$ cat upload-v1.pdb   # PDB, C-alpha atoms, pLDDT in the B column
ATOM      1  CA  MET A   1      -2.288  -0.293  20.697  1.00 70.00           C
ATOM      2  CA  GLU A   2      -0.992  -1.896  23.820  1.00 85.00           C
ATOM      3  CA  ARG A   3       1.932  -0.548  25.806  1.00 85.00           C
ATOM      4  CA  ALA A   4       4.372  -3.121  24.377  1.00 88.00           C
ATOM      5  CA  GLU A   5       3.311  -2.279  20.816  1.00 88.00           C
ATOM      6  CA  LYS A   6       3.769   1.431  21.506  1.00 87.00           C
ATOM      7  CA  HIS A   7       7.237   0.829  22.930  1.00 88.00           C
ATOM      8  CA  GLU A   8       8.200  -1.252  19.886  1.00 89.00           C
ATOM      9  CA  PHE A   9       6.848   1.451  17.534  1.00 87.00           C
ATOM     10  CA  VAL A  10       8.788   4.192  19.328  1.00 88.00           C
ATOM     11  CA  THR A  11      12.094   2.291  19.242  1.00 89.00           C
ATOM     12  CA  SER A  12      11.779   1.244  15.584  1.00 90.00           C
ATOM     13  CA  PHE A  13      10.651   4.708  14.507  1.00 88.00           C
ATOM     14  CA  ASN A  14      13.512   6.275  16.501  1.00 87.00           C
ATOM     15  CA  THR A  15      16.100   4.290  14.537  1.00 88.00           C
ATOM     16  CA  GLU A  16      14.275   5.074  11.287  1.00 87.00           C
ATOM     17  CA  LEU A  17      14.306   8.819  12.019  1.00 85.00           C
ATOM     18  CA  ALA A  18      17.941   8.741  13.137  1.00 84.00           C
ATOM     19  CA  ASN A  19      18.908   7.471   9.662  1.00 84.00           C
ATOM     20  CA  THR A  20      16.767   9.833   7.592  1.00 87.00           C
ATOM     21  CA  GLY A  21      17.975  12.905   5.704  1.00 86.00           C
ATOM     22  CA  VAL A  22      15.004  15.264   5.793  1.00 90.00           C
ATOM     23  CA  VAL A  23      11.628  15.424   7.561  1.00 91.00           C
ATOM     24  CA  VAL A  24       8.610  17.543   6.608  1.00 92.00           C
ATOM     25  CA  VAL A  25       5.731  18.032   9.090  1.00 93.00           C
ATOM     26  CA  ALA A  26       2.286  19.013   7.820  1.00 93.00           C
ATOM     27  CA  HIS A  27      -1.357  19.232   8.885  1.00 92.00           C
ATOM     28  CA  TYR A  28      -3.656  16.913   6.990  1.00 90.00           C
ATOM     29  CA  ALA A  29      -7.078  17.662   8.550  1.00 89.00           C
ATOM     30  CA  GLY A  30      -9.867  17.389   6.013  1.00 88.00           C
ATOM     31  CA  LEU A  31      -8.104  15.164   3.500  1.00 89.00           C
ATOM     32  CA  SER A  32     -10.047  12.190   2.210  1.00 91.00           C
ATOM     33  CA  VAL A  33      -8.712   8.654   2.203  1.00 93.00           C
ATOM     34  CA  ALA A  34      -8.199   8.871  -1.556  1.00 93.00           C
ATOM     35  CA  GLN A  35      -6.140  12.043  -1.154  1.00 92.00           C
ATOM     36  CA  MET A  36      -3.995  10.464   1.580  1.00 93.00           C
ATOM     37  CA  THR A  37      -3.475   7.438  -0.661  1.00 94.00           C
ATOM     38  CA  ALA A  38      -2.404   9.764  -3.482  1.00 93.00           C
ATOM     39  CA  LEU A  39       0.014  11.509  -1.102  1.00 92.00           C
ATOM     40  CA  ARG A  40       1.521   8.201  -0.014  1.00 93.00           C
ATOM     41  CA  ALA A  41       1.890   7.072  -3.630  1.00 94.00           C
ATOM     42  CA  SER A  42       3.557  10.305  -4.793  1.00 92.00           C
ATOM     43  CA  VAL A  43       5.968  10.326  -1.844  1.00 91.00           C
ATOM     44  CA  ARG A  44       6.791   6.631  -2.310  1.00 93.00           C
ATOM     45  CA  GLN A  45       7.459   7.265  -6.010  1.00 92.00           C
ATOM     46  CA  ALA A  46       9.825  10.106  -5.045  1.00 87.00           C
ATOM     47  CA  GLY A  47      11.687   7.775  -2.683  1.00 88.00           C
ATOM     48  CA  GLY A  48      10.203   8.875   0.626  1.00 90.00           C
ATOM     49  CA  THR A  49       7.801   7.668   3.302  1.00 91.00           C
ATOM     50  CA  VAL A  50       4.625   9.044   4.890  1.00 93.00           C
ATOM     51  CA  LYS A  51       3.872   8.297   8.538  1.00 92.00           C
ATOM     52  CA  VAL A  52       0.801   9.202  10.572  1.00 91.00           C
ATOM     53  CA  ALA A  53       0.939   8.440  14.296  1.00 89.00           C
ATOM     54  CA  LYS A  54      -0.017   9.937  17.597  1.00 90.00           C
ATOM     55  CA  ASN A  55       1.911  13.109  18.340  1.00 89.00           C
ATOM     56  CA  ARG A  56       3.004  11.806  21.740  1.00 91.00           C
ATOM     57  CA  LEU A  57       4.539   8.681  20.193  1.00 90.00           C
ATOM     58  CA  ILE A  58       6.332  10.712  17.528  1.00 90.00           C
ATOM     59  CA  LYS A  59       7.717  13.088  20.169  1.00 89.00           C
ATOM     60  CA  LEU A  60       9.023  10.089  22.108  1.00 90.00           C
ATOM     61  CA  ALA A  61      10.560   8.658  18.936  1.00 89.00           C
ATOM     62  CA  LEU A  62      12.284  11.982  18.196  1.00 88.00           C
ATOM     63  CA  GLN A  63      14.100  11.961  21.527  1.00 87.00           C
ATOM     64  CA  GLY A  64      17.787  11.228  21.147  1.00 84.00           C
ATOM     65  CA  THR A  65      17.886  12.039  17.410  1.00 84.00           C
ATOM     66  CA  ASP A  66      19.120  15.110  15.536  1.00 84.00           C
ATOM     67  CA  LEU A  67      15.461  15.919  14.797  1.00 86.00           C
ATOM     68  CA  GLU A  68      14.413  16.442  18.410  1.00 85.00           C
ATOM     69  CA  HIS A  69      14.182  20.212  17.862  1.00 87.00           C
ATOM     70  CA  ILE A  70      11.012  19.892  15.728  1.00 89.00           C
ATOM     71  CA  SER A  71       8.937  18.397  18.563  1.00 88.00           C
ATOM     72  CA  ASP A  72       6.977  21.635  18.968  1.00 88.00           C
ATOM     73  CA  LEU A  73       5.474  21.246  15.458  1.00 88.00           C
ATOM     74  CA  PHE A  74       3.392  18.242  16.547  1.00 89.00           C
ATOM     75  CA  GLN A  75       0.052  19.746  17.536  1.00 89.00           C
ATOM     76  CA  GLY A  76      -3.208  18.634  15.997  1.00 89.00           C
ATOM     77  CA  PRO A  77      -3.497  16.126  13.138  1.00 91.00           C
ATOM     78  CA  THR A  78       0.043  15.946  11.766  1.00 92.00           C
ATOM     79  CA  VAL A  79       1.734  13.803   9.164  1.00 93.00           C
ATOM     80  CA  LEU A  80       5.448  13.137   8.685  1.00 93.00           C
ATOM     81  CA  VAL A  81       6.952  12.991   5.199  1.00 93.00           C
ATOM     82  CA  TYR A  82      10.595  11.922   5.224  1.00 92.00           C
ATOM     83  CA  SER A  83      13.314  10.580   2.939  1.00 90.00           C
ATOM     84  CA  ASP A  84      17.041   9.973   2.729  1.00 88.00           C
ATOM     85  CA  ASP A  85      17.347  12.292  -0.290  1.00 84.00           C
ATOM     86  CA  PRO A  86      17.249  15.869   1.047  1.00 85.00           C
ATOM     87  CA  VAL A  87      15.041  17.064  -1.812  1.00 87.00           C
ATOM     88  CA  ALA A  88      12.632  14.156  -2.469  1.00 87.00           C
ATOM     89  CA  ALA A  89      10.305  14.502   0.533  1.00 89.00           C
ATOM     90  CA  PRO A  90      10.028  18.319   0.438  1.00 91.00           C
ATOM     91  CA  LYS A  91       9.407  18.281  -3.317  1.00 91.00           C
ATOM     92  CA  ALA A  92       6.638  15.664  -3.023  1.00 91.00           C
ATOM     93  CA  ALA A  93       5.050  17.446  -0.042  1.00 92.00           C
ATOM     94  CA  VAL A  94       5.116  20.886  -1.699  1.00 92.00           C
ATOM     95  CA  ASP A  95       3.698  19.495  -4.958  1.00 92.00           C
ATOM     96  CA  PHE A  96       0.888  17.818  -3.016  1.00 92.00           C
ATOM     97  CA  ALA A  97       0.235  21.008  -1.010  1.00 91.00           C
ATOM     98  CA  LYS A  98      -0.160  22.982  -4.248  1.00 91.00           C
ATOM     99  CA  ALA A  99      -2.900  20.620  -5.399  1.00 90.00           C
ATOM    100  CA  ASN A 100      -4.625  20.266  -1.983  1.00 88.00           C
ATOM    101  CA  GLU A 101      -5.220  23.358   0.115  1.00 88.00           C
ATOM    102  CA  LYS A 102      -6.159  21.278   3.177  1.00 89.00           C
ATOM    103  CA  PHE A 103      -2.594  19.944   3.323  1.00 90.00           C
ATOM    104  CA  ALA A 104      -0.608  22.647   5.137  1.00 91.00           C
ATOM    105  CA  ILE A 105       3.151  22.382   5.596  1.00 92.00           C
ATOM    106  CA  LEU A 106       4.186  23.390   9.117  1.00 92.00           C
ATOM    107  CA  GLY A 107       7.948  23.023   8.776  1.00 91.00           C
ATOM    108  CA  GLY A 108      10.577  20.365   9.005  1.00 91.00           C
ATOM    109  CA  ALA A 109      14.214  19.555   9.538  1.00 90.00           C
ATOM    110  CA  LEU A 110      17.278  18.864   7.454  1.00 87.00           C
ATOM    111  CA  GLY A 111      19.544  17.126   9.935  1.00 82.00           C
ATOM    112  CA  THR A 112      20.029  19.560  12.801  1.00 84.00           C
ATOM    113  CA  THR A 113      18.757  22.523  10.755  1.00 85.00           C
ATOM    114  CA  ASN A 114      15.222  23.653  11.533  1.00 87.00           C
ATOM    115  CA  LEU A 115      13.097  24.497   8.469  1.00 87.00           C
ATOM    116  CA  ASN A 116      10.086  26.802   8.377  1.00 88.00           C
ATOM    117  CA  PRO A 117       7.481  26.376   5.593  1.00 90.00           C
ATOM    118  CA  ASP A 118       9.443  28.719   3.298  1.00 89.00           C
ATOM    119  CA  GLY A 119      12.610  26.715   3.952  1.00 88.00           C
ATOM    120  CA  VAL A 120      10.811  23.535   2.936  1.00 88.00           C
ATOM    121  CA  LYS A 121       9.576  25.223  -0.254  1.00 89.00           C
ATOM    122  CA  SER A 122      13.039  26.491  -1.142  1.00 86.00           C
ATOM    123  CA  LEU A 123      14.477  23.021  -0.521  1.00 85.00           C
ATOM    124  CA  ALA A 124      11.790  21.589  -2.814  1.00 85.00           C
ATOM    125  CA  SER A 125      12.810  23.956  -5.616  1.00 84.00           C
ATOM    126  CA  MET A 126      16.345  22.544  -5.690  1.00 84.00           C
ATOM    127  CA  PRO A 127      17.208  19.802  -8.194  1.00 79.00           C
ATOM    128  CA  SER A 128      17.147  16.267  -6.843  1.00 73.00           C
ATOM    129  CA  LEU A 129      20.238  14.148  -6.320  1.00 73.00           C
ATOM    130  CA  ASP A 130      19.584  12.203  -9.544  1.00 76.00           C
ATOM    131  CA  GLU A 131      19.194  15.447 -11.532  1.00 78.00           C
ATOM    132  CA  LEU A 132      22.477  16.764 -10.125  1.00 77.00           C
ATOM    133  CA  ARG A 133      24.234  13.525 -11.035  1.00 80.00           C
ATOM    134  CA  ALA A 134      22.869  13.742 -14.593  1.00 83.00           C
ATOM    135  CA  LYS A 135      24.113  17.338 -14.925  1.00 80.00           C
ATOM    136  CA  LEU A 136      27.530  16.331 -13.624  1.00 78.00           C
ATOM    137  CA  VAL A 137      27.800  13.453 -16.094  1.00 80.00           C
ATOM    138  CA  GLY A 138      26.741  15.793 -18.896  1.00 78.00           C
ATOM    139  CA  MET A 139      29.402  18.318 -17.889  1.00 74.00           C
ATOM    140  CA  ILE A 140      32.056  15.599 -17.842  1.00 77.00           C
ATOM    141  CA  GLN A 141      31.024  14.173 -21.217  1.00 72.00           C
ATOM    142  CA  THR A 142      30.932  17.539 -22.999  1.00 70.00           C
ATOM    143  CA  PRO A 143      34.713  18.197 -22.924  1.00 71.00           C
ATOM    144  CA  ALA A 144      35.399  14.627 -24.045  1.00 66.00           C
ATOM    145  CA  SER A 145      33.150  14.996 -27.099  1.00 68.00           C
ATOM    146  CA  ARG A 146      34.766  18.349 -27.950  1.00 66.00           C
ATOM    147  CA  ILE A 147      38.222  16.772 -27.756  1.00 66.00           C
ATOM    148  CA  ALA A 148      37.075  14.043 -30.144  1.00 66.00           C
ATOM    149  CA  GLN A 149      35.775  16.703 -32.568  1.00 66.00           C
ATOM    150  CA  VAL A 150      39.078  18.630 -32.459  1.00 62.00           C
ATOM    151  CA  VAL A 151      41.123  15.478 -33.028  1.00 65.00           C
ATOM    152  CA  ASN A 152      38.904  14.381 -35.940  1.00 67.00           C
ATOM    153  CA  ALA A 153      38.712  17.839 -37.542  1.00 66.00           C
ATOM    154  CA  PRO A 154      42.176  17.815 -39.249  1.00 69.00           C
ATOM    155  CA  ALA A 155      41.497  14.413 -40.800  1.00 65.00           C
ATOM    156  CA  GLY A 156      38.176  15.667 -42.130  1.00 66.00           C
ATOM    157  CA  GLN A 157      39.800  18.781 -43.562  1.00 68.00           C
ATOM    158  CA  LEU A 158      42.488  16.709 -45.282  1.00 64.00           C
ATOM    159  CA  ALA A 159      39.825  14.484 -46.799  1.00 70.00           C
ATOM    160  CA  ARG A 160      37.999  17.539 -48.172  1.00 72.00           C
ATOM    161  CA  VAL A 161      41.238  18.972 -49.637  1.00 70.00           C
ATOM    162  CA  PHE A 162      42.069  15.645 -51.344  1.00 71.00           C
ATOM    163  CA  GLY A 163      38.488  15.466 -52.632  1.00 76.00           C
ATOM    164  CA  ALA A 164      38.765  18.990 -54.051  1.00 77.00           C
ATOM    165  CA  TYR A 165      42.071  18.135 -55.812  1.00 73.00           C
ATOM    166  CA  ALA A 166      40.542  14.959 -57.226  1.00 77.00           C
ATOM    167  CA  LYS A 167      37.583  16.916 -58.667  1.00 78.00           C
ATOM    168  CA  LYS A 168      39.977  19.542 -60.061  1.00 75.00           C
ATOM    169  CA  ASP A 169      42.064  16.862 -61.796  1.00 76.00           C
ATOM    170  CA  GLU A 170      38.926  15.217 -63.238  1.00 77.00           C
ATOM    171  CA  ALA A 171      37.737  18.546 -64.603  1.00 73.00           C
ATOM    172  CA  ALA A 172      41.074  19.221 -66.234  1.00 66.00           C
TER     173      ALA A 172
END

$ encode --input "upload-v1.pdb" --output "structure tokens"
Amino acid sequence: MERAEKHEFVTSFNTELANTGVVVVAHYAGLSVAQMTALRASVRQAGGTVKVAKNRLIKLALQGTDLEHISDLFQGPTVLVYSDDPVAAPKAAVDFAKANEKFAILGGALGTTNLNPDGVKSLASMPSLDELRAKLVGMIQTPASRIAQVVNAPAGQLARVFGAYAKKDEAA
């Protein structure tokens, strides 16, 4: 990479990191190309992005963002997993780390909050934004369906009473 390309990378990555919700930093030494491809695919499917770059360039890109406090995590072969959804990137990274012992989570950041590896794992155990929305919709729909049942119940009871009287009159 030439100096101009590096400068362009740093500025574009700076704006990308400034607009992201959560970042997970991990070591990836010893992973094969197929494993890295699988990581990228699983993170992309979850709605996140994987970025591998020189630590010096990433540290420069972090300057001036809320994530500047995680600069000390960038030592050795590191990979960034980030997403707008605060749960998507940690969940994908933790799931991949469970399947691949060579992928070690170092920590991360949720806005200005610094996360250690346990913090990333606890964030990954939370339900995603889509799951929370589905639960909320379910909670809203439940009272409405109960109201419909209560309103329809008297009509159903009246129909059963009339049916019972009709059978009684036929029998008599």

$ closest_residue --input "upload-v1.pdb" --among "A:Ala41, A:Leu17, A:Val23, A:Ala171" --to "Val87 (chain A)" --atoms "all atoms listed in the file"
A:Val23

$ resolve_selection --input "upload-v1.pdb" --expression "the PyMOL selection byres ((chain A and resi 107-118) around 6)" --output "list in words"
Val22, Val23, Val24, Val25, Asp66, Ile105, Leu106, Gly119, Val120 and Lys121 of chain A

$ closest_residue --input "upload-v1.pdb" --among "A:Val43, A:Leu60, A:Ala88, A:Met1" --to "Glu131 (chain A)" --atoms "only C-alpha atoms"
A:Ala88

$ resolve_selection --input "upload-v1.pdb" --expression "the PyMOL selection byres ((chain A and resi 51) around 7)" --output "ChimeraX atom specification"
/A:49-50,52-53,79-81

$ closest_residue --input "upload-v1.pdb" --among "A:Ala92, A:Val161, A:Leu73, A:Leu57" --to "Phe13 (chain A)" --atoms "all atoms listed in the file"
A:Leu57

$ axis_aligned_box --input "upload-v1.pdb" --around "region 112-118 of chain A" --padding-each-side "5 Å" --output "JSON"
{"center_x": 13.8, "center_y": 24.1, "center_z": 8.0, "size_x": 22.5, "size_y": 19.2, "size_z": 19.5}

$ atom_distance --input "upload-v1.pdb" --atom1 "CA of Pro127 (chain A)" --atom2 "CA of Ala38 (chain A)"
22.5 Å

$ atom_distance --input "upload-v1.pdb" --atom1 "CA of Pro86 (chain A)" --atom2 "CA of Met126 (chain A)"
9.5 Å

$ closest_residue --input "upload-v1.pdb" --among "A:Ala29, A:Ala93, A:Val137, A:Leu123" --to "Ser42 (chain A)" --atoms "all atoms listed in the file"
A:Ala93
